[in-house]
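Novice: File query.csv below, CSV, C-alpha atoms:
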chain,number,residue,atom,x,y,z
Y,193,MET,CA,-8.7,25.5,-64.4
Y,194,SER,CA,-10.2,22.3,-65.7
Y,195,ILE,CA,-13.4,22.1,-67.6
Y,196,ARG,CA,-14.8,20.0,-64.8
Y,197,GLN,CA,-14.1,22.8,-62.3
Y,198,ASN,CA,-15.8,25.3,-64.6
Y,199,ILE,CA,-18.9,23.2,-65.0
Y,200,ARG,CA,-19.0,22.7,-61.2
Y,201,ASP,CA,-18.8,26.5,-60.7
Y,202,ILE,CA,-21.6,27.2,-63.2
Y,203,PHE,CA,-23.9,24.8,-61.4
Y,204,HIS,CA,-22.9,26.1,-58.0
Y,205,GLY,CA,-23.6,29.6,-59.1
Y,206,ALA,CA,-27.0,28.7,-60.6
Y,207,ALA,CA,-28.0,26.9,-57.4
Y,208,TYR,CA,-26.5,29.1,-54.7
Y,209,GLY,CA,-25.6,32.4,-56.4
Y,210,ALA,CA,-28.6,34.5,-55.4
Y,211,TYR,CA,-28.5,33.1,-51.9
Y,212,GLU,CA,-24.9,33.8,-51.4
Y,213,ARG,CA,-25.3,37.3,-52.8
Y,214,GLU,CA,-28.0,38.0,-50.2
Y,215,LEU,CA,-25.8,36.7,-47.4
Y,216,ARG,CA,-22.9,38.9,-48.6
Y,217,ILE,CA,-25.1,42.0,-48.5
Y,218,GLN,CA,-26.4,41.1,-45.1
Y,219,ALA,CA,-22.9,40.6,-43.8
Y,220,ALA,CA,-21.8,43.9,-45.3
Y,221,GLU,CA,-24.7,45.7,-43.6
Y,222,LEU,CA,-23.9,44.1,-40.2
Y,223,ASN,CA,-20.3,45.1,-40.7
Y,224,ASP,CA,-21.3,48.7,-41.3
Y,225,LEU,CA,-23.4,48.8,-38.2
Y,226,PHE,CA,-20.6,47.4,-36.2
Y,227,LEU,CA,-18.2,50.0,-37.6
Y,228,LEU,CA,-20.7,52.8,-36.8
Y,229,LEU,CA,-21.1,51.6,-33.2
Y,230,CYS,CA,-17.3,51.6,-32.8
Y,231,TYR,CA,-16.7,54.9,-34.5
Y,232,MET,CA,-19.8,56.8,-33.1
Y,233,GLU,CA,-17.7,59.7,-31.9
Y,234,ILE,CA,-16.6,60.5,-35.4
Y,235,VAL,CA,-20.1,61.1,-36.4
Y,236,GLY,CA,-20.7,63.1,-33.3
Y,237,LEU,CA,-22.4,60.6,-31.0
Y,238,PRO,CA,-21.0,60.0,-27.6
Y,239,ASN,CA,-19.7,56.4,-27.2
Y,240,PRO,CA,-19.4,55.2,-23.6
Y,241,ALA,CA,-17.1,52.3,-24.6
Y,242,THR,CA,-14.4,54.3,-26.5
Y,243,LEU,CA,-11.5,53.3,-24.2
Y,244,TYR,CA,-12.4,49.6,-24.4
Y,245,LEU,CA,-12.4,49.7,-28.1
Y,246,LEU,CA,-8.9,51.2,-28.5
Y,247,ASP,CA,-7.2,47.8,-28.9
Y,248,VAL,CA,-9.5,46.7,-31.7
Y,249,TYR,CA,-9.1,49.9,-33.7
Y,250,PRO,CA,-6.2,48.6,-35.9
Y,251,TYR,CA,-8.4,45.6,-36.9
Y,252,LEU,CA,-11.2,48.0,-37.7
Y,253,LEU,CA,-9.0,50.2,-39.9
Y,254,GLU,CA,-8.8,47.4,-42.5
Y,255,GLN,CA,-12.6,47.1,-42.4
Y,256,PHE,CA,-13.0,50.8,-42.7
Y,257,HIS,CA,-10.9,50.7,-45.9
Y,258,ILE,CA,-13.1,48.0,-47.3
Y,259,TRP,CA,-16.2,50.0,-46.4
Y,260,HIS,CA,-15.2,53.3,-48.1
Y,261,LYS,CA,-14.2,51.3,-51.2
Y,262,ARG,CA,-17.5,49.5,-51.3
Y,263,MET,CA,-19.3,52.8,-50.9
Y,264,GLY,CA,-17.6,54.0,-54.1
Y,265,MET,CA,-15.2,56.4,-52.4
Y,266,ALA,CA,-11.6,56.1,-53.4
Y,267,ARG,CA,-10.4,57.9,-50.3
Y,268,SER,CA,-11.6,58.2,-46.7
Y,269,PRO,CA,-14.5,60.6,-46.6
Y,270,LEU,CA,-13.7,61.5,-42.9
Y,271,GLY,CA,-11.0,64.0,-42.2
Y,272,THR,CA,-10.7,62.7,-38.6
Y,273,LEU,CA,-10.2,59.1,-39.9
Y,274,PRO,CA,-7.6,59.2,-42.6
Y,275,CYS,CA,-7.3,56.0,-44.6
Y,276,CYS,CA,-5.6,55.8,-47.9
J,288,MET,CA,-19.5,49.3,12.5
J,289,ARG,CA,-17.1,46.5,13.2
J,290,HIS,CA,-18.9,44.0,11.0
J,291,LEU,CA,-18.1,46.2,8.0
J,292,LEU,CA,-14.4,45.5,8.4
J,293,ASP,CA,-15.1,42.0,7.1
J,294,LYS,CA,-16.1,43.3,3.7
J,295,LYS,CA,-13.7,43.5,0.8
J,296,VAL,CA,-14.8,46.9,-0.5
J,297,LEU,CA,-16.2,49.9,1.3
J,298,PHE,CA,-17.2,53.2,-0.2
J,299,PHE,CA,-17.6,56.4,1.7
J,300,GLY,CA,-19.9,58.9,-0.1
J,301,GLY,CA,-21.9,62.0,0.7
J,302,LYS,CA,-22.3,65.7,0.0
J,303,GLY,CA,-19.2,67.8,-0.3
J,304,GLY,CA,-17.6,68.8,2.9
J,305,VAL,CA,-19.4,66.5,5.3
J,306,GLY,CA,-16.3,64.5,6.2
J,307,LYS,CA,-16.1,61.6,3.8
J,308,THR,CA,-12.3,61.7,3.8
J,309,THR,CA,-11.9,61.8,7.5
J,310,SER,CA,-14.5,59.0,8.0
J,311,ALA,CA,-12.9,56.8,5.3
J,312,SER,CA,-9.4,57.5,6.7
J,313,ALA,CA,-10.4,56.8,10.3
J,314,THR,CA,-12.2,53.5,9.3
J,315,ALA,CA,-9.1,52.5,7.3
J,316,LEU,CA,-6.9,53.2,10.3
J,317,ALA,CA,-9.3,51.1,12.5
J,318,ALA,CA,-9.3,48.2,10.1
J,319,SER,CA,-5.5,48.3,9.8
J,320,ARG,CA,-5.2,48.2,13.6
J,321,ALA,CA,-7.6,45.2,13.6
J,322,GLY,CA,-5.0,43.3,11.5
J,323,LYS,CA,-6.5,43.9,8.0
J,324,ARG,CA,-4.2,44.9,5.1
J,325,VAL,CA,-6.0,48.0,4.0
J,326,LEU,CA,-5.8,50.2,0.9
J,327,LEU,CA,-7.3,53.6,1.1
J,328,VAL,CA,-8.2,54.9,-2.3
J,329,SER,CA,-9.2,58.5,-3.1
J,330,THR,CA,-11.1,58.9,-6.4
J,331,ASP,CA,-12.0,62.6,-5.8
J,332,PRO,CA,-10.1,64.7,-8.3
J,333,ALA,CA,-9.5,67.1,-5.4
J,334,HIS,CA,-7.6,64.6,-3.3
J,335,SER,CA,-7.3,65.3,0.4
J,336,THR,CA,-6.1,62.0,1.9
J,337,SER,CA,-2.5,63.2,1.6
J,338,ASP,CA,-3.5,66.2,3.7
J,339,ILE,CA,-4.9,64.0,6.4
J,340,PHE,CA,-1.9,61.7,6.6
J,341,GLU,CA,0.4,64.7,6.1
J,342,ARG,CA,2.5,63.1,3.3
J,343,GLU,CA,2.5,62.7,-0.4
J,344,ILE,CA,0.3,59.9,-1.9
J,345,GLY,CA,0.6,59.1,-5.5
J,346,PRO,CA,-1.0,57.0,-8.3
J,347,GLU,CA,0.6,53.9,-6.9
J,348,PRO,CA,-0.1,52.5,-3.4
J,349,VAL,CA,2.3,53.8,-0.7
J,350,GLU,CA,2.5,52.4,2.8
J,351,LEU,CA,1.4,55.1,5.2
J,352,LEU,CA,1.3,53.1,8.4
J,353,PRO,CA,1.8,49.4,9.2
J,354,ASN,CA,-0.9,47.5,7.2
J,355,LEU,CA,-2.3,50.8,5.7
J,356,TRP,CA,-1.6,51.9,2.2
J,357,GLY,CA,-2.8,55.0,0.4
J,358,LEU,CA,-3.6,55.6,-3.3
J,359,GLU,CA,-4.8,58.7,-5.1
J,360,ILE,CA,-6.2,58.0,-8.6
J,361,ASP,CA,-5.8,60.7,-11.2
J,362,GLY,CA,-8.1,60.4,-14.2
J,363,ALA,CA,-5.8,62.2,-16.7
J,364,LEU,CA,-2.8,60.0,-15.7
J,365,GLU,CA,-4.8,56.8,-15.8
J,366,SER,CA,-6.0,57.6,-19.3
J,367,GLN,CA,-2.4,58.3,-20.5
J,368,ARG,CA,-1.3,55.1,-19.0
J,369,TYR,CA,-4.2,53.2,-20.5
J,370,VAL,CA,-3.4,54.5,-24.0
J,371,ALA,CA,0.4,53.7,-23.6
J,372,ASN,CA,-0.6,50.2,-22.6
J,373,VAL,CA,-2.8,49.7,-25.6
J,374,LYS,CA,-0.2,51.0,-28.0
J,375,GLU,CA,2.3,48.6,-26.5
J,376,GLN,CA,-0.1,45.7,-26.9
J,377,ILE,CA,-0.8,46.3,-30.6
J,378,LYS,CA,2.8,47.1,-31.5
J,379,GLY,CA,3.9,43.6,-32.5
J,380,LEU,CA,0.6,42.7,-34.2
J,381,PHE,CA,0.4,45.1,-37.2
J,382,GLY,CA,2.4,46.6,-40.0
J,383,HIS,CA,3.9,50.0,-39.9
J,384,HIS,CA,1.2,51.7,-42.0
J,385,ILE,CA,-1.7,50.5,-40.0
J,386,LEU,CA,0.0,51.2,-36.7
J,387,LYS,CA,0.6,54.8,-37.7
J,388,GLU,CA,-3.0,55.4,-38.5
J,389,ALA,CA,-4.2,53.4,-35.5
J,390,ASN,CA,-2.1,55.3,-33.1
J,391,LYS,CA,-3.5,58.6,-34.5
J,392,GLN,CA,-6.9,57.1,-34.0
J,393,ILE,CA,-6.2,56.0,-30.4
J,394,ASP,CA,-4.8,59.4,-29.5
J,395,LEU,CA,-7.9,61.1,-30.8
J,396,ALA,CA,-10.2,58.8,-29.0
J,397,ALA,CA,-8.3,59.2,-25.7
J,398,SER,CA,-8.7,63.0,-25.9
J,399,MET,CA,-12.5,62.7,-26.1
J,400,PRO,CA,-14.5,64.0,-23.2
J,401,GLY,CA,-15.3,61.1,-20.9
J,402,ALA,CA,-12.0,59.2,-21.6
J,403,GLU,CA,-10.5,60.2,-18.2
J,404,GLU,CA,-13.6,59.2,-16.4
J,405,MET,CA,-13.5,55.9,-18.1
J,406,ALA,CA,-9.9,55.3,-17.3
J,407,LEU,CA,-10.7,56.1,-13.7
J,408,PHE,CA,-13.5,53.6,-13.9
J,409,ASP,CA,-11.3,51.0,-15.4
J,410,ARG,CA,-8.7,51.4,-12.6
J,411,ILE,CA,-11.4,51.2,-9.9
J,412,GLY,CA,-12.8,48.1,-11.6
J,413,GLY,CA,-9.3,46.4,-11.4
J,414,LEU,CA,-9.1,47.2,-7.7
J,415,ILE,CA,-12.6,45.9,-7.0
J,416,ARG,CA,-11.9,42.7,-8.9
J,417,GLY,CA,-9.1,42.2,-6.5
J,418,GLU,CA,-6.2,42.4,-9.0
J,419,ASP,CA,-3.9,43.6,-6.3
J,420,THR,CA,-3.8,40.7,-3.9
J,421,ARG,CA,-1.8,42.6,-1.3
J,422,PHE,CA,-4.9,43.9,0.3
J,423,ASP,CA,-7.8,42.4,2.4
J,424,LEU,CA,-9.9,45.5,2.3
J,425,ILE,CA,-10.2,48.4,-0.1
J,426,ILE,CA,-11.8,51.6,1.2
J,427,PHE,CA,-12.8,54.2,-1.4
J,428,ASP,CA,-13.0,57.9,-0.4
J,429,THR,CA,-15.2,59.0,-3.2
J,430,ALA,CA,-16.0,62.3,-4.9
J,431,PRO,CA,-19.3,64.0,-3.9
J,432,THR,CA,-22.4,61.9,-4.4
J,433,GLY,CA,-23.5,62.7,-8.0
J,434,HIS,CA,-20.2,61.8,-9.5
J,435,THR,CA,-19.8,58.6,-7.5
J,436,LEU,CA,-23.4,57.3,-8.2
J,437,ARG,CA,-22.6,57.7,-11.9
J,438,LEU,CA,-19.5,55.6,-11.5
J,439,ILE,CA,-21.5,52.9,-9.7
J,440,ARG,CA,-24.0,52.7,-12.5
J,441,MET,CA,-21.2,52.5,-15.1
J,442,PRO,CA,-20.5,48.7,-15.1
J,443,GLU,CA,-24.1,48.1,-15.9
J,444,LEU,CA,-24.1,50.6,-18.7
J,445,MET,CA,-20.8,49.5,-20.1
J,446,GLU,CA,-21.8,45.8,-19.9
J,447,ALA,CA,-25.0,46.5,-21.9
J,448,TRP,CA,-23.0,48.4,-24.5
J,449,ILE,CA,-20.2,45.8,-24.9
J,450,ARG,CA,-22.7,43.0,-25.0
J,451,ALA,CA,-24.6,44.8,-27.9
J,452,LEU,CA,-21.3,45.2,-29.7
J,453,SER,CA,-20.4,41.5,-29.2
J,454,ARG,CA,-23.8,40.4,-30.5
J,455,SER,CA,-23.4,42.6,-33.6
J,456,ARG,CA,-19.9,41.3,-34.2
J,457,GLN,CA,-21.1,37.7,-33.7
J,458,ALA,CA,-24.0,38.1,-36.1
J,459,MET,CA,-21.6,39.3,-38.7
J,460,LEU,CA,-19.1,36.6,-38.2
J,461,GLY,CA,-21.8,34.0,-38.3
J,462,ILE,CA,-22.4,34.8,-41.9
J,463,GLU,CA,-18.9,35.6,-43.1
J,464,GLN,CA,-16.6,33.2,-41.3
J,465,ASP,CA,-17.5,31.1,-38.4
J,466,ASP,CA,-14.3,30.9,-36.5
J,467,LYS,CA,-13.8,31.7,-32.8
J,468,THR,CA,-10.5,33.4,-33.4
J,469,ASP,CA,-11.7,36.8,-34.4
J,470,PRO,CA,-9.5,39.2,-32.4
J,471,VAL,CA,-12.2,41.8,-32.1
J,472,LEU,CA,-14.7,39.4,-30.7
J,473,MET,CA,-12.1,38.0,-28.4
J,474,SER,CA,-11.2,41.4,-27.0
J,475,LEU,CA,-14.9,42.3,-26.5
J,476,THR,CA,-15.6,39.0,-24.8
J,477,GLU,CA,-12.7,39.6,-22.4
J,478,ARG,CA,-14.0,43.0,-21.6
J,479,LEU,CA,-17.4,41.6,-21.0
J,480,HIS,CA,-16.1,39.0,-18.5
J,481,GLY,CA,-14.2,41.8,-16.6
J,482,LEU,CA,-17.3,44.0,-16.4
J,483,ARG,CA,-19.4,41.1,-15.2
J,484,GLU,CA,-17.0,40.3,-12.4
J,485,PHE,CA,-16.7,44.0,-11.5
J,486,ARG,CA,-20.5,44.3,-11.2
J,487,ALA,CA,-21.0,41.0,-9.4
J,488,ARG,CA,-18.5,42.1,-6.7
J,489,LEU,CA,-20.0,45.6,-6.5
J,490,LEU,CA,-23.5,44.2,-5.9
J,491,SER,CA,-22.5,41.4,-3.6
J,492,PRO,CA,-23.6,42.3,0.0
J,493,ARG,CA,-20.9,40.0,1.3
J,494,ILE,CA,-18.2,41.9,-0.5
J,495,SER,CA,-19.2,45.5,-0.9
J,496,ALA,CA,-21.0,48.1,1.1
J,497,PHE,CA,-21.6,51.9,0.7
J,498,MET,CA,-21.4,54.2,3.7
J,499,LEU,CA,-23.1,57.6,3.5
J,500,VAL,CA,-21.7,60.4,5.5
J,501,LEU,CA,-23.9,63.4,6.4
J,502,VAL,CA,-24.2,66.3,8.9
J,503,ALA,CA,-27.4,67.2,10.7
J,504,GLU,CA,-28.6,69.9,8.2
J,505,ARG,CA,-31.3,70.2,5.7
J,506,LEU,CA,-29.4,69.8,2.4
J,507,PRO,CA,-27.2,66.8,3.4
J,508,ILE,CA,-30.3,65.0,4.7
J,509,GLU,CA,-32.1,65.5,1.4
J,510,GLU,CA,-29.0,64.4,-0.6
J,511,THR,CA,-28.7,61.3,1.5
J,512,ALA,CA,-32.3,60.4,0.9
J,513,ARG,CA,-31.8,60.7,-2.9
J,514,ALA,CA,-28.5,58.8,-2.8
J,515,LEU,CA,-30.2,55.9,-0.8
J,516,GLU,CA,-32.9,55.7,-3.5
J,517,GLN,CA,-30.3,55.6,-6.3
J,518,LEU,CA,-28.2,53.0,-4.5
J,519,LYS,CA,-31.2,50.9,-4.0
J,520,GLN,CA,-32.0,51.1,-7.7
J,521,ALA,CA,-28.5,50.2,-8.6
J,522,GLY,CA,-28.7,47.3,-6.1
J,523,VAL,CA,-25.7,48.4,-4.0
J,524,THR,CA,-25.8,47.4,-0.3
J,525,VAL,CA,-25.8,50.4,2.1
J,526,GLY,CA,-23.6,49.7,5.2
J,527,GLY,CA,-25.0,52.6,7.2
J,528,LEU,CA,-24.9,56.3,7.9
J,529,VAL,CA,-22.2,58.3,9.6
J,530,VAL,CA,-23.8,61.4,11.2
J,531,ASN,CA,-20.8,63.7,11.5
J,532,ARG,CA,-20.1,66.7,13.7
J,533,VAL,CA,-22.9,66.4,16.2
J,534,LEU,CA,-22.6,69.3,18.6
J,535,PRO,CA,-22.3,68.7,22.4
J,536,ALA,CA,-25.6,69.3,24.3
J,537,THR,CA,-24.0,70.7,27.4
J,538,SER,CA,-22.4,73.9,26.1
J,539,PRO,CA,-23.1,77.0,28.2
J,540,ASP,CA,-22.5,79.2,25.1
J,541,PRO,CA,-25.9,80.6,23.9
J,542,PHE,CA,-24.9,80.5,20.3
J,543,LEU,CA,-23.9,76.8,20.4
J,544,GLN,CA,-27.1,76.1,22.4
J,545,SER,CA,-29.2,77.6,19.7
J,546,ARG,CA,-27.4,75.6,17.1
J,547,HIS,CA,-27.8,72.5,19.1
J,548,SER,CA,-31.5,72.9,19.6
J,549,GLN,CA,-31.9,73.2,15.8
J,550,GLU,CA,-29.7,70.2,15.3
J,551,VAL,CA,-31.8,68.1,17.6
J,552,ILE,CA,-34.7,68.5,15.2
J,553,TYR,CA,-32.6,67.3,12.3
J,554,LEU,CA,-31.1,64.4,14.3
J,555,ASP,CA,-34.7,63.3,15.0
J,556,GLU,CA,-35.5,63.6,11.4
J,557,ILE,CA,-32.5,61.5,10.5
J,558,ASP,CA,-33.5,58.8,13.0
J,559,ARG,CA,-37.1,58.8,11.7
J,560,ARG,CA,-36.4,58.8,8.0
J,561,PHE,CA,-33.4,56.4,8.0
J,562,ALA,CA,-34.7,54.2,10.8
J,563,HIS,CA,-34.0,51.0,8.8
J,564,LEU,CA,-30.2,51.8,8.6
J,565,SER,CA,-27.6,51.5,11.2
J,566,ARG,CA,-26.5,55.0,12.2
J,567,ILE,CA,-23.4,56.2,14.0
J,568,ARG,CA,-23.1,59.7,15.5
J,569,VAL,CA,-19.7,61.3,15.6
J,570,PRO,CA,-19.4,64.3,17.9
J,571,GLN,CA,-17.9,67.6,16.8
J,572,LEU,CA,-14.3,67.3,17.9
J,573,ALA,CA,-12.4,70.1,19.6
J,574,SER,CA,-10.0,70.4,16.7
J,575,ASP,CA,-10.1,69.5,13.0
J,576,VAL,CA,-8.8,66.2,11.8
J,577,HIS,CA,-5.4,65.9,10.3
J,578,GLY,CA,-2.5,63.8,11.3
J,579,VAL,CA,-2.6,60.3,12.8
J,580,LYS,CA,-3.3,61.5,16.4
J,581,THR,CA,-6.6,63.1,15.8
J,582,LEU,CA,-7.5,60.4,13.3
J,583,GLU,CA,-7.1,57.8,16.1
J,584,ALA,CA,-9.7,59.5,18.3
J,585,LEU,CA,-12.1,59.5,15.4
J,586,SER,CA,-11.4,55.8,14.5
J,587,GLU,CA,-12.2,54.8,18.1
J,588,ILE,CA,-15.6,56.5,17.8
J,589,LEU,CA,-16.4,54.9,14.4
J,590,VAL,CA,-15.2,51.4,15.3
J,591,PRO,CA,-15.4,51.1,19.1
Can you present the structure in this file as structure tokens?

Specialist:
Amino acid sequence: MSIRQNIRDIFHGAAYGAYERELRIQAAELNDLFLLLCYMEIVGLPNPATLYLLDVYPYLLEQFHIWHKRMGMARSPLGTLPCC
Amino acid sequence: MRHLLDKKVLFFGGKGGVGKTTSASATALAASRAGKRVLLVSTDPAHSTSDIFEREIGPEPVELLPNLWGLEIDGALESQRYVANVKEQIKGLFGHHILKEANKQIDLAASMPGAEEMALFDRIGGLIRGEDTRFDLIIFDTAPTGHTLRLIRMPELMEAWIRALSRSRQAMLGIEQDDKTDPVLMSLTERLHGLREFRARLLSPRISAFMLVLVAERLPIEETARALEQLKQAGVTVGGLVVNRVLPATSPDPFLQSRHSQEVIYLDEIDRRFAHLSRIRVPQLASDVHGVKTLEALSEILVP
């Protein structure tokens, strides 16, 4: 990486760092809400749309993995939803 | 009732045992004789259309008579089918590890209470949207009132739910990545379109109508009044009432005479309370309805 690139990153971080961090947190929270809405049954709430979500489950599994890592859990905390 | 044959979707509902299946079957027969290609669908888990036509009817349309097909939808089977279909769909899209976990997840979700009802709902939705272009008119012989009214409210409920999910997904994508190719959002959007079309056709007075069947007795009258209220709330058009099994006035038998004089009171009540709806009276027939012969007699009364 060139010095020029490093300097650019430093200024970028100084200018936008806090803002981007805020956005990342917000995105992560929305992501969690979405996961919860899709996996409501696992926490014991009836979900009227279960069948219509079956085909998006595989995509959500990846997100679920990111979630439990981010929450500081090495493995899936839910027995009914095994991950890694 | 002839004008109802120009609709695309007719429901027959009412309290258990009042003659929904016979009314639906007779109307289907009349429509098929009038040159419509008709599909008679039973959604009651306790199917009885096969008993009326005296032959086996399964989960795929079978031709019963010229221009008349029958179909008996089974929730358990539909849910299995749905799951198999989803598994097939995602097969090529993911790696082995994810697929294994996802399939486990899918099996679990499909075994939840309500999955069968939803699979049934999905199949009915497909029929109402006109996915099967072989038919001009689809007649639903429904399960007793409560169950059916729930089913009718479902597109609205599901639509709200899926819309909320889409919004949540969109809000997230708006921050993280702003592309329109998110497979989750695409799937949700497609569902939403399907549900909107289902609801639009269900609520269109030009396309769909709900017939309520009752007999001249206290409990069916009250249930009909409640059903009318709920259908009105849901925005579904009511095609009319079929007042079934009206006793003959001219019987010399004192028992029947006494039944008849009581019935007259209820018939008056029906005329008074449901004056704004078209009503058709079907006399008590000399024998019960099964087989095409007796069905013909009934269909001539219903659609003269």

Novice: Rank Y:Arg216, Y:Glu254, Y:Gly264, Y:Phe226 by their smallest atom-to-atom distance to Ile449 of chain J, using all atoms listed in the file, and report the top residue only.

Specialist: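 For Ile449 of chain J, the nearest of the candidates is Y:Phe226.
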
Novice: Would you kindly report the residues of chain Y within 10 Å of chain J, using only C-alpha atoms, as an MDAnalysis selection string?

Specialist: chainID Y and resid 212 215:216 218:227 229:231 233:234 238:254 272:276

Novice: The selected residues should be written to file as an mmCIF file, in the frame of the given file (atoms: C-alpha atoms).

Specialist:
data_model
loop_
_atom_site.group_PDB
_atom_site.id
_atom_site.type_symbol
_atom_site.label_atom_id
_atom_site.label_comp_id
_atom_site.auth_asym_id
_atom_site.auth_seq_id
_atom_site.Cartn_x
_atom_site.Cartn_y
_atom_site.Cartn_z
ATOM 1 C CA GLU Y 212 -24.900 33.800 -51.400
ATOM 2 C CA LEU Y 215 -25.800 36.700 -47.400
ATOM 3 C CA ARG Y 216 -22.900 38.900 -48.600
ATOM 4 C CA GLN Y 218 -26.400 41.100 -45.100
ATOM 5 C CA ALA Y 219 -22.900 40.600 -43.800
ATOM 6 C CA ALA Y 220 -21.800 43.900 -45.300
ATOM 7 C CA GLU Y 221 -24.700 45.700 -43.600
ATOM 8 C CA LEU Y 222 -23.900 44.100 -40.200
ATOM 9 C CA ASN Y 223 -20.300 45.100 -40.700
ATOM 10 C CA ASP Y 224 -21.300 48.700 -41.300
ATOM 11 C CA LEU Y 225 -23.400 48.800 -38.200
ATOM 12 C CA PHE Y 226 -20.600 47.400 -36.200
ATOM 13 C CA LEU Y 227 -18.200 50.000 -37.600
ATOM 14 C CA LEU Y 229 -21.100 51.600 -33.200
ATOM 15 C CA CYS Y 230 -17.300 51.600 -32.800
ATOM 16 C CA TYR Y 231 -16.700 54.900 -34.500
ATOM 17 C CA GLU Y 233 -17.700 59.700 -31.900
ATOM 18 C CA ILE Y 234 -16.600 60.500 -35.400
ATOM 19 C CA PRO Y 238 -21.000 60.000 -27.600
ATOM 20 C CA ASN Y 239 -19.700 56.400 -27.200
ATOM 21 C CA PRO Y 240 -19.400 55.200 -23.600
ATOM 22 C CA ALA Y 241 -17.100 52.300 -24.600
ATOM 23 C CA THR Y 242 -14.400 54.300 -26.500
ATOM 24 C CA LEU Y 243 -11.500 53.300 -24.200
ATOM 25 C CA TYR Y 244 -12.400 49.600 -24.400
ATOM 26 C CA LEU Y 245 -12.400 49.700 -28.100
ATOM 27 C CA LEU Y 246 -8.900 51.200 -28.500
ATOM 28 C CA ASP Y 247 -7.200 47.800 -28.900
ATOM 29 C CA VAL Y 248 -9.500 46.700 -31.700
ATOM 30 C CA TYR Y 249 -9.100 49.900 -33.700
ATOM 31 C CA PRO Y 250 -6.200 48.600 -35.900
ATOM 32 C CA TYR Y 251 -8.400 45.600 -36.900
ATOM 33 C CA LEU Y 252 -11.200 48.000 -37.700
ATOM 34 C CA LEU Y 253 -9.000 50.200 -39.900
ATOM 35 C CA GLU Y 254 -8.800 47.400 -42.500
ATOM 36 C CA THR Y 272 -10.700 62.700 -38.600
ATOM 37 C CA LEU Y 273 -10.200 59.100 -39.900
ATOM 38 C CA PRO Y 274 -7.600 59.200 -42.600
ATOM 39 C CA CYS Y 275 -7.300 56.000 -44.600
ATOM 40 C CA CYS Y 276 -5.600 55.800 -47.900
#

Novice: Contacts of segment 310-324 of chain J at 7 Å or less, counting only C-alpha atoms, minus same-chain residues fewer than 5 places along, as a list in words?

Specialist: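 Non-adjacent residues within range: Leu292, Phe299, Asn354, Leu355, Phe422, Asp423, Leu424, Ile426, Asp428, Leu582, Glu583, Leu585, Ser586, Leu589 and Val590 of chain J.
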
Novice: Using all atoms listed in the file, which protein or nucleic acid residues come within 7 Å of Ala430 of chain J? Drop anything in the same chain fewer than 5 positions from it, and give the result as a list in words.

Specialist: Thr330, Asp331 and Thr435 of chain J

Novice: So that I can see what lies close to Glu443 of chain J, please list as a list in words the residues with an atom at most 9 Å from it, counting all atoms listed in the file and leaving out residues fewer than 6 positions away in the same chain.

Specialist: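 In the requested form, the answer reads Leu482, Arg483, Arg486 and Ala521 of chain J.
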
Novice: Which residue is closest to Lys307 of chain J? Choose from J:Arg493, J:Arg513, J:Lys580, J:Arg532 and count only C-alpha atoms.

Specialist: J:Arg532

Novice: Provide the atom CA of Arg368 of chain J to atom CA of Leu414 of chain J distance in Å, to one decimal place.

Specialist: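 According to the coordinates, atom CA of Arg368 of chain J and atom CA of Leu414 of chain J are separated by 15.8 Å.
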
Novice: Kindly give the distance, in Å, that separates atom CA of Gly303 of chain J and atom CA of Ala503 of chain J, rounded to a single decimal.

Specialist: 13.7 Å

Novice: Determine the nearest neighbour of Ile339 of chain J from the options J:Gln520, J:Pro353, J:Val500, J:Leu327, counting all atoms listed in the file.

Specialist: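 Between J:Gln520, J:Pro353, J:Val500, J:Leu327, the residue approaching Ile339 of chain J most closely is J:Leu327.
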
Novice: Would you work out the distance separating atom CA of Ala487 of chain J from atom CA of Val525 of chain J, expressed in Å to one decimal?

Specialist: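 About the pair atom CA of Ala487 of chain J and atom CA of Val525 of chain J: they are 15.6 Å apart.
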
Novice: Which is closest to Ile588 of chain J among J:Ile494, J:Glu484, J:Leu572, J:Phe340, if we use only C-alpha atoms?

Specialist: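 Using only C-alpha atoms, the shortest distance to Ile588 of chain J belongs to J:Leu572.
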
Novice: Considering only C-alpha atoms, can you say which of J:Gly527, J:Val579, J:Asp540, J:Lys378 comes closest to Met288 of chain J?

Specialist: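 Closest to Met288 of chain J of all the choices is J:Gly527.
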
Novice: Please provide the set of residues having any atom within 9 Å of Glu347 of chain J, restricted to only C-alpha atoms, with same-chain residues fewer than 3 positions apart removed, written as a list in words.

Specialist: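 Once the adjacent positions are removed, what remains is Ile344, Gly357, Leu358, Glu359 and Ile360 of chain J.
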